[in-house]
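Q: Hey, dropping work-v4.txt in here, compact mmCIF, C-alpha atoms:
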# COMPACT_ATOMS: atom_id res chain seq x y z
CA MET U 1 37.93 9.34 162.05
CA GLU U 2 37.11 10.78 158.65
CA HIS U 3 34.82 9.02 156.26
CA TYR U 4 36.58 7.39 153.34
CA PRO U 5 35.21 9.87 150.73
CA PHE U 6 36.56 12.80 152.79
CA LEU U 7 39.86 11.04 153.24
CA PHE U 8 40.16 10.22 149.55
CA ILE U 9 39.37 13.72 148.31
CA ASN U 10 41.71 15.34 150.86
CA ILE U 11 44.59 13.03 149.94
CA THR U 12 43.90 13.72 146.27
CA LEU U 13 44.09 17.46 146.94
CA ILE U 14 47.30 17.17 148.97
CA VAL U 15 49.10 14.98 146.44
CA GLY U 16 47.83 17.05 143.52
CA CYS U 17 48.89 20.35 145.11
CA ILE U 18 52.38 19.08 145.89
CA ALA U 19 52.82 17.60 142.41
CA LEU U 20 51.66 20.77 140.68
CA ALA U 21 53.82 22.94 142.95
CA VAL U 22 56.85 20.92 141.86
CA VAL U 23 55.83 21.37 138.21
CA PHE U 24 55.37 25.12 138.72
CA LEU U 25 58.90 25.42 140.11
CA THR U 26 60.59 23.20 137.53
CA LEU U 27 58.62 24.01 134.38
CA PRO U 28 61.12 24.65 131.55
CA LEU U 29 60.45 28.00 129.89
CA PRO U 30 62.03 29.90 127.00
CA GLN U 31 64.52 32.45 128.27
CA THR U 32 62.55 35.46 127.07
CA GLU U 33 61.92 38.64 129.01
CA THR U 34 58.26 38.63 127.99
CA LEU U 35 57.64 35.55 130.16
CA ASN U 36 59.18 37.03 133.33
CA LYS U 37 55.82 37.83 134.94
CA TYR U 38 54.61 34.33 134.14
CA ARG U 39 57.69 32.86 135.86
CA ILE U 40 56.96 34.94 138.96
CA SER U 41 53.31 33.88 138.95
CA LEU U 42 54.39 30.24 138.86
CA ARG U 43 56.42 30.76 142.04
CA PHE U 44 53.50 32.42 143.80
CA LEU U 45 51.19 29.64 142.68
CA ALA U 46 53.66 27.05 143.94
CA GLY U 47 53.64 28.77 147.33
CA GLY U 48 49.84 28.85 147.35
CA TYR U 49 49.53 25.19 146.42
CA ILE U 50 52.08 24.08 149.01
CA THR U 51 50.28 26.16 151.65
CA MET U 52 46.98 24.49 150.79
CA ALA U 53 48.60 21.06 151.07
CA ILE U 54 50.08 21.92 154.48
CA VAL U 55 46.75 23.26 155.76
CA LYS U 56 44.98 20.09 154.67
CA VAL U 57 47.60 17.90 156.34
CA LEU U 58 47.25 19.85 159.61
CA VAL U 59 43.45 19.59 159.50
CA MET U 60 43.63 15.83 158.93
CA VAL U 61 46.37 15.08 161.45
CA PHE U 62 45.08 17.24 164.29
CA ASN U 63 41.39 16.91 163.41
CA LEU U 64 41.00 20.69 163.57
CA SER U 65 37.45 21.95 163.87
CA LEU U 66 36.27 24.43 161.26
CA VAL U 67 32.94 25.10 162.96
CA ASN U 68 33.37 28.80 163.65
CA ILE U 69 31.12 31.35 161.97
CA ILE U 70 33.03 34.04 160.06
CA SER U 71 36.28 32.26 160.80
CA LEU U 72 39.25 34.52 160.17
CA ASP U 73 41.23 31.51 158.94
CA THR U 74 38.62 30.82 156.27
CA LEU U 75 38.37 34.47 155.26
CA MET U 76 42.12 35.02 155.13
CA THR U 77 42.67 31.88 153.06
CA ALA U 78 39.81 32.78 150.71
CA SER U 79 41.04 36.36 150.32
CA LEU U 80 44.61 35.33 149.54
CA GLN U 81 43.38 32.68 147.11
CA ALA U 82 41.13 35.17 145.31
CA THR U 83 44.03 37.59 144.88
CA LEU U 84 46.43 34.84 143.84
CA PHE U 85 44.24 33.20 141.22
CA VAL U 86 42.73 36.33 139.66
CA LEU U 87 46.04 38.18 139.38
CA SER U 88 47.66 35.02 138.00
CA LEU U 89 45.02 34.98 135.26
CA ILE U 90 45.44 38.70 134.56
CA ILE U 91 49.18 38.16 134.14
CA LEU U 92 48.38 35.85 131.23
CA ILE U 93 46.40 38.47 129.32
CA ASN U 94 48.12 41.67 130.47
CA PRO U 95 51.52 40.93 132.02
CA ARG U 96 52.38 44.61 132.39
CA PHE U 97 49.38 45.35 134.61
CA VAL U 98 50.45 43.37 137.68
CA THR U 99 53.39 45.01 139.44
CA LYS U 100 54.95 44.50 142.86
CA ASN U 101 53.43 47.72 144.18
CA TYR U 102 50.00 46.71 142.94
CA LEU U 103 50.34 43.30 144.57
CA TYR U 104 51.40 44.86 147.88
CA LYS U 105 48.37 47.17 147.80
CA GLN U 106 46.09 44.17 147.29
CA LEU U 107 47.64 42.23 150.16
CA ALA U 108 47.96 45.14 152.61
CA PRO U 109 44.33 45.06 153.91
CA VAL U 110 44.57 41.31 154.54
CA PHE U 111 47.72 41.64 156.63
CA VAL U 112 46.45 44.74 158.48
CA LEU U 113 43.20 43.03 159.46
CA THR U 114 45.07 39.87 160.45
CA ILE U 115 47.50 41.79 162.66
CA LEU U 116 44.64 43.71 164.29
CA TYR U 117 42.84 40.44 164.89
CA MET U 118 45.88 38.94 166.61
CA ILE U 119 46.29 42.05 168.78
CA PHE U 120 42.62 42.10 169.74
CA CYS U 121 42.69 38.37 170.53
CA SER U 122 45.63 38.91 172.88
CA ILE U 123 43.67 41.63 174.68
CA TRP U 124 40.08 40.38 174.68
CA GLY U 125 40.56 36.72 173.83
CA ASN U 126 39.34 34.82 170.80
CA VAL U 127 35.62 34.20 170.57
CA GLN U 128 34.26 31.03 169.00
CA ILE U 129 30.90 31.57 167.30
CA HIS U 130 28.86 28.48 166.48
CA SER U 131 25.47 29.94 165.58
CA ILE U 132 23.85 33.07 164.20
CA ALA U 133 22.35 33.72 167.63
CA GLU U 134 25.84 33.83 169.15
CA LEU U 135 27.00 36.09 166.33
CA ILE U 136 24.22 38.56 167.10
CA ARG U 137 25.02 38.35 170.79
CA TYR U 138 28.72 39.14 170.31
CA LYS U 139 28.44 41.39 167.27
CA PHE U 140 30.04 44.35 169.08
CA HIS U 141 32.87 42.34 170.59
CA PRO U 142 36.17 43.85 169.30
CA VAL U 143 37.39 40.51 167.92
CA ILE U 144 34.08 39.84 166.17
CA ILE U 145 34.10 43.36 164.72
CA ILE U 146 37.44 42.62 163.05
CA ARG U 147 36.05 39.40 161.60
CA GLU U 148 32.97 41.24 160.37
CA LEU U 149 35.17 43.88 158.75
CA PHE U 150 37.17 41.12 157.10
CA LEU U 151 33.94 39.57 155.83
CA PHE U 152 32.82 42.87 154.27
CA TYR U 153 36.27 43.40 152.78
CA TYR U 154 36.20 39.93 151.24
CA ILE U 155 32.79 40.59 149.66
CA PHE U 156 34.11 43.89 148.30
CA GLN U 157 37.20 42.08 147.06
CA LEU U 158 35.12 39.57 145.10
CA PHE U 159 33.28 42.37 143.30
CA TYR U 160 36.46 44.39 142.74
CA LEU U 161 38.45 41.48 141.33
CA THR U 162 35.53 40.49 139.11
CA ARG U 163 35.30 43.98 137.63
CA LEU U 164 39.08 44.14 137.29
CA PHE U 165 39.30 40.82 135.49
CA PHE U 166 36.56 41.56 132.98
CA ARG U 167 38.04 44.96 132.25
CA GLN U 168 41.41 43.39 131.50
CA ALA U 169 39.75 40.60 129.52
CA GLU U 170 37.96 43.20 127.41
CA LEU U 171 41.23 45.00 126.69
CA PHE U 172 42.84 41.68 125.83
CA GLY U 173 39.99 40.88 123.45
CA SER U 174 40.47 44.24 121.74
CA GLU U 175 44.18 43.54 121.31
CA MET U 176 43.43 40.16 119.79
CA ASP U 177 40.78 41.63 117.47
CA ASN U 178 43.26 44.25 116.34
CA TYR U 179 45.80 41.57 115.49
CA PHE U 180 44.06 38.36 114.36
CA SER U 181 41.41 37.84 111.72
CA GLU U 182 40.22 34.76 113.62
CA CYS U 183 40.92 34.83 117.33
CA SER U 184 38.65 32.16 118.80
CA SER U 185 41.64 30.12 119.97
CA ALA U 186 43.98 33.07 120.44
CA CYS U 187 41.61 34.68 122.93
CA LEU U 188 42.28 31.76 125.30
CA PRO U 189 38.67 31.09 126.36
CA TRP U 190 39.88 28.77 129.13
CA ILE U 191 41.11 31.85 131.01
CA LYS U 192 37.54 33.11 131.36
CA TYR U 193 36.33 29.66 132.32
CA SER U 194 39.06 29.51 134.95
CA PHE U 195 37.89 32.83 136.34
CA TYR U 196 34.30 31.63 136.52
CA ALA U 197 35.52 28.56 138.40
CA ALA U 198 37.65 30.70 140.74
CA PHE U 199 34.70 33.01 141.39
CA SER U 200 32.49 30.02 142.18
CA VAL U 201 35.07 28.75 144.66
CA GLY U 202 35.20 32.24 146.17
CA ILE U 203 31.44 32.25 146.65
CA GLY U 204 31.68 28.77 148.13
CA ALA U 205 34.27 30.01 150.61
CA LEU U 206 31.92 32.83 151.56
CA LEU U 207 29.11 30.36 152.20
CA SER U 208 31.50 28.22 154.24
CA CYS U 209 31.71 31.05 156.76
CA PHE U 210 28.15 30.15 157.77
CA MET U 211 27.57 26.54 156.66
CA PHE U 212 29.11 23.56 158.44
CA ALA U 213 26.98 20.57 157.41
CA ASP U 214 29.08 17.54 156.47
CA SER U 215 27.37 17.34 153.08
CA TRP U 216 28.24 20.95 152.24
CA ILE U 217 31.84 20.60 153.45
CA PHE U 218 32.28 17.50 151.29
CA ILE U 219 30.71 19.10 148.20
CA PHE U 220 32.78 22.25 148.58
CA THR U 221 35.95 20.23 149.14
CA VAL U 222 35.31 18.31 145.92
CA ILE U 223 34.67 21.57 144.04
CA TYR U 224 37.85 23.33 145.08
CA THR U 225 39.91 20.16 144.69
CA LEU U 226 38.81 19.91 141.06
CA PHE U 227 39.44 23.63 140.67
CA TYR U 228 42.98 23.48 142.06
CA LEU U 229 43.93 20.55 139.87
CA GLY U 230 42.25 21.87 136.73
CA PHE U 231 43.62 25.38 137.16
CA GLY U 232 47.16 24.11 137.58
CA ILE U 233 46.99 21.79 134.57
CA TYR U 234 45.72 24.54 132.28
CA TYR U 235 48.07 27.17 133.68
CA ILE U 236 51.23 25.25 132.82
CA GLN U 237 50.09 24.97 129.19
CA TYR U 238 50.17 28.74 128.72
CA PRO U 239 53.71 28.98 127.21
CA SER U 240 52.62 26.97 124.16
CA LYS U 241 49.79 29.47 123.59
CA PHE U 242 51.92 32.50 124.43
CA ILE U 243 54.09 31.96 121.36
CA TYR U 244 50.98 32.57 119.27
CA ILE U 245 49.71 35.69 121.05
CA GLU U 246 53.05 37.27 122.01
CA PRO U 247 53.20 39.62 118.98
CA ALA U 248 49.74 40.96 119.86
CA ILE U 249 50.59 41.56 123.53
CA TYR U 250 54.10 42.90 122.90
CA PRO U 251 54.01 44.74 119.56
CA GLN U 252 57.46 45.39 118.18
CA SER U 253 58.09 48.87 116.88
CA SER U 254 59.66 48.82 113.46
CA PHE U 255 61.42 51.14 111.10
CA ALA U 256 58.34 51.07 108.90
CA ASP U 257 56.27 52.60 111.70
CA LYS U 258 58.67 55.49 112.03
CA ALA U 259 59.18 55.97 108.33
CA SER U 260 55.47 55.87 107.53
CA ASN U 261 54.96 59.18 109.32
CA ASN U 262 57.10 60.85 106.65
CA LYS U 263 55.19 59.42 103.72
CA LYS U 264 52.89 62.35 103.15
CA ARG U 265 51.15 60.83 100.16
CA LEU U 266 50.35 57.54 101.84
CA VAL U 267 46.57 57.30 101.82
CA TRP U 268 44.32 54.63 103.12
CA ASP U 269 42.39 54.28 99.87
CA GLU U 270 45.51 53.09 98.06
CA LEU U 271 46.29 50.53 100.73
CA LYS U 272 42.70 49.36 100.94
CA ASN U 273 42.43 48.94 97.17
CA LYS U 274 45.60 46.87 97.13
CA ILE U 275 44.26 44.58 99.85
CA ILE U 276 40.90 44.16 98.11
CA ASP U 277 42.28 43.80 94.58
CA ASP U 278 44.77 41.15 95.69
CA LYS U 279 42.17 39.56 98.00
CA TYR U 280 44.77 39.38 100.73
CA TYR U 281 42.01 39.38 103.32
CA LEU U 282 41.07 35.85 102.19
CA LYS U 283 44.38 34.43 103.37
CA PRO U 284 43.64 31.83 106.09
CA GLY U 285 44.75 32.96 109.54
CA VAL U 286 45.87 36.37 108.33
CA ASN U 287 46.86 38.76 111.10
CA ILE U 288 47.70 42.43 111.16
CA GLU U 289 51.44 41.80 111.33
CA ASP U 290 51.33 39.77 108.10
CA MET U 291 49.23 42.37 106.34
CA ALA U 292 51.45 45.23 107.47
CA GLN U 293 54.52 43.46 106.11
CA TYR U 294 52.67 42.75 102.87
CA LEU U 295 51.84 46.46 102.51
CA LYS U 296 55.35 47.43 103.66
CA ILE U 297 54.11 49.68 106.43
CA GLY U 298 54.19 49.42 110.20
CA ARG U 299 51.64 47.47 112.14
CA THR U 300 50.67 50.49 114.25
CA THR U 301 50.14 52.56 111.11
CA LEU U 302 47.87 49.93 109.59
CA SER U 303 45.92 49.51 112.82
CA THR U 304 45.43 53.28 113.05
CA PHE U 305 44.18 53.45 109.46
CA ILE U 306 41.66 50.66 109.99
CA ASN U 307 40.41 52.02 113.31
CA ASN U 308 40.13 55.62 112.14
CA GLU U 309 39.08 55.23 108.51
CA GLU U 310 36.90 52.13 108.75
CA GLY U 311 35.64 52.73 112.27
CA MET U 312 36.29 49.17 113.42
CA ASN U 313 39.05 46.87 114.58
CA PHE U 314 41.12 44.62 112.34
CA ASN U 315 39.14 41.46 113.09
CA LEU U 316 35.76 43.02 112.33
CA TRP U 317 37.05 44.69 109.16
CA ILE U 318 38.47 41.43 107.79
CA THR U 319 35.24 39.67 108.72
CA SER U 320 33.11 42.23 106.87
CA LEU U 321 35.25 41.88 103.73
CA ARG U 322 35.04 38.10 103.88
CA ILE U 323 31.28 38.12 104.33
CA GLU U 324 30.88 40.35 101.28
CA GLU U 325 33.01 37.87 99.34
CA ALA U 326 30.83 35.03 100.63
CA LYS U 327 27.70 36.81 99.39
CA ASN U 328 29.22 37.07 95.92
CA LEU U 329 30.13 33.40 95.95
CA PHE U 330 26.63 32.42 97.07
CA ALA U 331 25.15 34.42 94.21
CA ASN U 332 27.54 33.18 91.53
CA TYR U 333 28.08 29.60 92.68
CA PRO U 334 24.79 28.36 94.19
CA ASP U 335 25.98 24.74 94.15
CA TYR U 336 28.91 25.38 96.48
CA SER U 337 28.51 23.99 99.98
CA LEU U 338 28.96 26.07 103.12
CA THR U 339 32.21 24.23 103.79
CA GLN U 340 33.55 25.14 100.35
CA ILE U 341 32.52 28.77 100.74
CA SER U 342 34.08 29.02 104.19
CA GLU U 343 37.37 27.61 102.90
CA LEU U 344 37.41 29.95 99.91
CA ILE U 345 37.05 33.03 102.09
CA GLY U 346 39.71 31.99 104.58
CA TYR U 347 37.86 30.32 107.45
CA SER U 348 39.29 27.09 108.79
CA GLU U 349 36.03 26.09 110.47
CA PRO U 350 32.57 26.30 108.82
CA SER U 351 30.99 26.88 112.23
CA ASN U 352 33.10 29.99 112.71
CA PHE U 353 32.10 31.22 109.24
CA SER U 354 28.40 30.72 110.04
CA ARG U 355 28.77 32.55 113.34
CA GLN U 356 30.56 35.51 111.75
CA PHE U 357 28.12 35.63 108.84
CA LYS U 358 25.17 35.89 111.21
CA LEU U 359 27.01 38.52 113.25
CA ILE U 360 27.34 40.76 110.18
CA THR U 361 24.05 40.06 108.38
CA ASN U 362 21.75 38.94 111.22
CA GLU U 363 20.97 35.87 109.11
CA SER U 364 22.53 32.45 108.85
CA PRO U 365 24.36 31.62 105.59
CA SER U 366 21.70 29.03 104.70
CA VAL U 367 18.84 31.48 105.12
CA TRP U 368 20.68 34.20 103.24
CA ARG U 369 21.45 31.87 100.33
CA GLN U 370 17.83 30.69 100.13
CA THR U 371 16.66 34.30 100.06
CA CYS U 372 19.24 35.11 97.39
CA GLN U 373 18.17 32.15 95.24
CA LEU U 374 14.49 33.06 95.61
CA GLU U 375 15.14 36.65 94.56
CA SER U 376 17.19 35.43 91.60
CA ALA U 377 14.40 33.07 90.50
CA ASN U 378 11.80 35.84 90.75
CA TYR U 379 14.03 38.15 88.72
CA ARG U 380 14.40 35.56 85.94
CA ASN U 381 10.64 34.92 85.88
CA ASN U 382 9.94 38.60 85.51
Starting from the file, lay out its structure as structure tokens.
A:
Amino acid sequence: MEHYPFLFINITLIVGCIALAVVFLTLPLPQTETLNKYRISLRFLAGGYITMAIVKVLVMVFNLSLVNIISLDTLMTASLQATLFVLSLIILINPRFVTKNYLYKQLAPVFVLTILYMIFCSIWGNVQIHSIAELIRYKFHPVIIIRELFLFYYIFQLFYLTRLFFRQAELFGSEMDNYFSECSSACLPWIKYSFYAAFSVGIGALLSCFMFADSWIFIFTVIYTLFYLGFGIYYIQYPSKFIYIEPAIYPQSSFADKASNNKKRLVWDELKNKIIDDKYYLKPGVNIEDMAQYLKIGRTTLSTFINNEEGMNFNLWITSLRIEEAKNLFANYPDYSLTQISELIGYSEPSNFSRQFKLITNESPSVWRQTCQLESANYRNN
């Protein structure tokens, strides 16, 4: 009979998985084509969560033993989970990347190895390994070779999916920087945190191929229970954030973009002077779409000008202009607080202003202002 803590955490996982699966399948979404991939990911997640609940029920009811080194069941479950969760996260930041063909390619090795394992088991019989010594003894057994291959594939998969996720996250960050002047919330930091959690669970699953102590099993069960519940809760909140980032992910081509190619005398200096003279860059929450409409040109045209002529993305360019404005305010209005300065140059949070100021100048606003005041005092004395 299971100890009460094991029983409690397993029941929590089962109930939580079933409840979230129902939410995934019934979540009301706007009828927009841009959320199609998200809808599909919800169905896959629902299937994954229901599968986890069923597996847990079977383990509890039939008291199935998991003491089997490099268990194919553990590896197959871990591999499918890694693919499911990482691709579900990538869909949130780059919906066009994940296609059916790509998904099939990711799943093909898992199914091939599983089929080979079943064939080999029918021929040579399944081998239960309970210690490293037994693993060494049977390392060339055909069934064990398949499990070892699966283990190496899973390790490769962890590295591959990690590299893939961070590459897509970097591209997503560039898209956000090219659209928003402040993208701390738009960049959806919880997606990265979710990946770190998923990766930790993946490493835990790898360790579970060799560790069977009750304490470890309980700790790992608690970890992935919290992960499953937390991941699901955050994932269903994505539509409310998507409304904010949709224009950056799915830029709409406009007549202005097409027409701007025919404006031979359109030069960046004129546009830049208009932005600076009107101090449009100080508008709180300004994004590239707003600025393009203000200048009456296309968003792509404006982005190209900034990237090519200024050598930086939209976010960094706006930040540099704001920091220069902050320097002027520090010099001319020494009594203004950091909060007042940050509001005047368009930042909603003083902490964000301080962080961006240090990024550009390598000094905090307080240190820079003190230096400025000291230089001013020395100048007056001389």
Q: Fewer than 5 positions away in the same chain doesn't count, so skip those; otherwise give me all residues within 8 Å of range 78-93 of chain U, counting all atoms listed in the file, as a VMD selection string.
A: chain U and resid 37 to 38 41 44 to 45 48 98 106 to 107 110 154 157 to 158 161 165 168 to 169 172 191 195 198 to 199 202 205 to 206 238 249
Q: Could you state the separation of CA of Ile11 in chain U and CA of Met60 in chain U in Å, given to one decimal place?
A: 9.5 Å
Q: Using all atoms listed in the file, can you tell me which of U:Ile146, U:Phe218, U:Ser354, U:Ile123 comes closest to Phe6 in chain U?
A: U:Phe218
Q: Restricting the calculation to only C-alpha atoms: of U:Ala21, U:Val112, U:Ile297, U:Met211, which residue gets closest to Phe231 in chain U?
A: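 Ranking U:Ala21, U:Val112, U:Ile297, U:Met211 by distance to Phe231 in chain U, first place goes to U:Ala21.
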Q: So, with all atoms listed in the file as the atoms that count, which of U:Gly204, U:Tyr138, U:Met52, U:Tyr347 lies closest to Thr77 in chain U?
A: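 Closest candidate: U:Met52.
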Q: Nearest to Ser364 in chain U: which of U:Met76, U:Ala326, U:Val61, U:Ile345 is it, counting all atoms listed in the file?
A: U:Ala326
Q: Quick one: everything within 12 Å of Asn332 in chain U, counting all atoms listed in the file, minus sequence neighbours fewer than 6 positions away in the same chain. Send it as a PyMOL selection string.
A: chain U and resi 325-326+341+369+372-373+376
Q: Would you mind reading off the distance between CA of Ile129 in chain U and CA of Leu149 in chain U, one decimal, in Å?
A: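 Separating CA of Ile129 in chain U from CA of Leu149 in chain U is a distance of 15.6 Å.
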Q: Which residues are near range 286-292 of chain U? Cut-off 8 Å, all atoms listed in the file, ignore same chain within fewer than 4 positions. Put them as an mmCIF file with C-alpha atoms, in the frame of the given file.
A:
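Generated output (out-v7.cif):
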data_model
loop_
_atom_site.group_PDB
_atom_site.id
_atom_site.type_symbol
_atom_site.label_atom_id
_atom_site.label_comp_id
_atom_site.auth_asym_id
_atom_site.auth_seq_id
_atom_site.Cartn_x
_atom_site.Cartn_y
_atom_site.Cartn_z
ATOM 1 C CA ASN U 178 43.260 44.250 116.340
ATOM 2 C CA TYR U 179 45.800 41.570 115.490
ATOM 3 C CA PHE U 180 44.060 38.360 114.360
ATOM 4 C CA SER U 181 41.410 37.840 111.720
ATOM 5 C CA GLU U 182 40.220 34.760 113.620
ATOM 6 C CA TYR U 280 44.770 39.380 100.730
ATOM 7 C CA TYR U 281 42.010 39.380 103.320
ATOM 8 C CA LEU U 282 41.070 35.850 102.190
ATOM 9 C CA LYS U 296 55.350 47.430 103.660
ATOM 10 C CA ILE U 297 54.110 49.680 106.430
ATOM 11 C CA GLY U 298 54.190 49.420 110.200
ATOM 12 C CA ARG U 299 51.640 47.470 112.140
ATOM 13 C CA LEU U 302 47.870 49.930 109.590
ATOM 14 C CA SER U 303 45.920 49.510 112.820
ATOM 15 C CA PHE U 314 41.120 44.620 112.340
#
Q: Compare U:Asn68, U:Thr74, U:Thr301, U:Asn36 by their minimum atom-to-atom distance to Leu135 in chain U, counting all atoms listed in the file, and give me the closest one.
A: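 Nearest to Leu135 in chain U: U:Asn68.
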Q: One decimal, in Å: what's the spacing between CA of Leu188 in chain U and CA of Ile360 in chain U?
A: 23.1 Å
Q: So which one's closest to Asn362 in chain U, U:Ile323, U:Arg137, U:Phe152, U:Ile144? Using only C-alpha atoms, please.
A: U:Ile323
Q: Please put the answer as AutoDock Vina command-line options: centre and edge lengths, in Å with one decimal, of a box along x, y and z that encloses all listed atoms of range 302-309 of chain U plus 6 Å on each side.
A:
--center_x 43.5 --center_y 52.6 --center_z 110.9 --size_x 20.8 --size_y 18.1 --size_z 16.8
Q: Compile the contact shell of Phe227 in chain U as JSON, numbers by chain: residues with an atom at most 12 Å away, counting only C-alpha atoms, same-chain residues fewer than 2 positions apart removed.
A: {"U": [13, 16, 17, 49, 81, 85, 193, 194, 195, 196, 197, 198, 199, 200, 201, 202, 204, 220, 221, 222, 223, 224, 225, 229, 230, 231, 232, 233, 234, 235]}
Q: For Ile115 in chain U, work out the shell of residues within 12 Å, counting all atoms listed in the file and skipping chain neighbours fewer than 2 positions away, then give it as a list in words.
A: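 Here the answer would be Leu72, Met76, Ala108, Pro109, Val110, Phe111, Val112, Leu113, Tyr117, Met118, Ile119, Phe120, Cys121, Ser122, Val143, Ile146, Arg147 and Phe150 of chain U.
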Q: Would you mind completing range 34-50 of chain U so that it carries N, CA, C and O atoms, and writing it out as a short mmCIF file (atom, residue, chain, number, x, y, z; two decimals), in the frame of the given file?
A:
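Done, and the output landed in selection.cif:
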data_model
loop_
_atom_site.label_atom_id
_atom_site.label_comp_id
_atom_site.auth_asym_id
_atom_site.auth_seq_id
_atom_site.Cartn_x
_atom_site.Cartn_y
_atom_site.Cartn_z
N THR U 34 59.72 38.48 128.01
CA THR U 34 58.26 38.63 127.99
C THR U 34 57.55 37.61 128.88
O THR U 34 56.37 37.77 129.18
N LEU U 35 58.25 36.56 129.29
CA LEU U 35 57.64 35.55 130.16
C LEU U 35 58.06 35.72 131.63
O LEU U 35 57.78 34.85 132.45
N ASN U 36 58.71 36.82 131.96
CA ASN U 36 59.18 37.03 133.33
C ASN U 36 58.04 37.04 134.34
O ASN U 36 58.12 36.42 135.40
N LYS U 37 56.96 37.76 134.02
CA LYS U 37 55.82 37.83 134.94
C LYS U 37 55.19 36.45 135.12
O LYS U 37 54.72 36.10 136.21
N TYR U 38 55.17 35.69 134.05
CA TYR U 38 54.61 34.33 134.14
C TYR U 38 55.47 33.46 135.06
O TYR U 38 54.94 32.68 135.86
N ARG U 39 56.80 33.61 134.97
CA ARG U 39 57.69 32.86 135.86
C ARG U 39 57.40 33.21 137.32
O ARG U 39 57.34 32.33 138.19
N ILE U 40 57.24 34.50 137.58
CA ILE U 40 56.96 34.94 138.96
C ILE U 40 55.63 34.38 139.44
O ILE U 40 55.50 33.92 140.58
N SER U 41 54.63 34.40 138.56
CA SER U 41 53.31 33.88 138.95
C SER U 41 53.38 32.40 139.27
O SER U 41 52.68 31.91 140.16
N LEU U 42 54.24 31.66 138.57
CA LEU U 42 54.39 30.24 138.86
C LEU U 42 54.94 30.02 140.27
O LEU U 42 54.52 29.09 140.98
N ARG U 43 55.86 30.89 140.69
CA ARG U 43 56.42 30.76 142.04
C ARG U 43 55.36 31.06 143.10
O ARG U 43 55.26 30.37 144.12
N PHE U 44 54.57 32.10 142.85
CA PHE U 44 53.50 32.42 143.80
C PHE U 44 52.47 31.29 143.86
O PHE U 44 51.99 30.94 144.94
N LEU U 45 52.14 30.75 142.70
CA LEU U 45 51.19 29.64 142.68
C LEU U 45 51.75 28.43 143.41
O LEU U 45 51.02 27.73 144.13
N ALA U 46 53.04 28.17 143.23
CA ALA U 46 53.66 27.05 143.94
C ALA U 46 53.54 27.25 145.44
O ALA U 46 53.21 26.31 146.18
N GLY U 47 53.78 28.48 145.91
CA GLY U 47 53.64 28.77 147.33
C GLY U 47 52.21 28.57 147.80
O GLY U 47 51.96 28.01 148.88
N GLY U 48 51.24 29.02 146.99
CA GLY U 48 49.84 28.85 147.35
C GLY U 48 49.42 27.40 147.40
O GLY U 48 48.69 26.98 148.31
N TYR U 49 49.89 26.61 146.46
CA TYR U 49 49.53 25.19 146.42
C TYR U 49 50.17 24.43 147.58
O TYR U 49 49.54 23.56 148.19
N ILE U 50 51.42 24.75 147.88
CA ILE U 50 52.08 24.08 149.01
C ILE U 50 51.38 24.45 150.32
O ILE U 50 51.18 23.60 151.20
#
